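> Here you go, one structure.
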Amino acid sequence: MQKNFLSGKLTEEITGICTAQDILALQGRVEKVMVSDGVIIYVQDIVELTRKEKQFLLGASPRAMLALFRASQAKAFLQERDFVKPDDVKAVAINVLHHRLTLTPEAKIRKESTDRLLGELLLRAKVPME
């Protein structure tokens, strides 16, 4: 099998498991997952903390915040819920924000970790009690 792959020969036909329309339909269902005002404020707080963190050159952008909302909705959808919980936000925040943040040169010299800093920010953000 590996030799066939390396030589460019496929031994079996690859078939798709969903169509583009299927993906668009799923995206539409994810967009309908409700995000409460408390969770909206929570996400805004997390993003604001990234902007205040002195070890980041720049904090998370508005597009990063929107991506965090959408990923949180997708997480809730996969858990078969029609609403986002703060735990959904926590579960996806580091993966969503990691590549959108750049450490300062000083933080890089100290071998600081973006993931560790984000983890600390998540602990500092005020979790809604809804």
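We name chains A, B, ... following the order of the structure tokens; residues begin at 1 in each chain, and ligands are numbered from 1 as shown.
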Got a sec: who's within 9 Å of region 49-65 of chain A, counting only C-alpha atoms, leaving out chain neighbours fewer than 5 positions off, as a list in words?
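Counting only C-alpha atoms, the residues come to Val43, Gln44, Arg70, Val96, Leu97, Arg100, Leu101, Thr102, Leu103, Thr104, Pro105, Glu106, Ala107, Lys108, Glu112, Thr114, Leu117, Leu118, Leu121, Leu122, Arg124 and Ala125 of chain A.
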> So that I can check the surroundings of Pro86 (chain A), please list as an MDAnalysis selection string every protein, DNA and RNA residue that reaches within 7 Å of it, counting only C-alpha atoms and ignoring chain neighbours fewer than 3 positions away.
chainID A and resid 39 89:90 127
> Report as a PyMOL selection string: the residues of chain A with a DSSP assignment of helix (DSSP H, G or I), based on the backbone of this structure.
chain A and resi 2-7+20-31+37-52+62-78+86-100+105-109+114-124
> Taking into account only C-alpha atoms, which residue in the set A:Ala93, A:Ile109, A:Leu66, A:Leu26 is nearest to Leu123 (chain A)?
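Using only C-alpha atoms, Leu123 (chain A) sits closest to A:Ala93.
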> Can you measure CA of Asp82 (chain A) to CA of Phe69 (chain A) for me? One decimal in Å is fine.
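If I compute the distance from CA of Asp82 (chain A) to CA of Phe69 (chain A), I get 13.7 Å.
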> Per DSSP on the backbone, what are the strand (DSSP E or B) residues of region 32-129 of chain A, as a ChimeraX atom specification?
/A:34,56,83,103
> Between CA of Pro128 (chain A) and CA of Ile41 (chain A), what is the distance in Å, rounded to a tenth?
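If I compute the distance from CA of Pro128 (chain A) to CA of Ile41 (chain A), I get 8.2 Å.
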> With distances taken over only C-alpha atoms, which of A:Gly119, A:Gly8, A:Gly38, A:Gly16 is nearest to Phe83 (chain A)?
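So, comparing all the options, the nearest one is A:Gly38.
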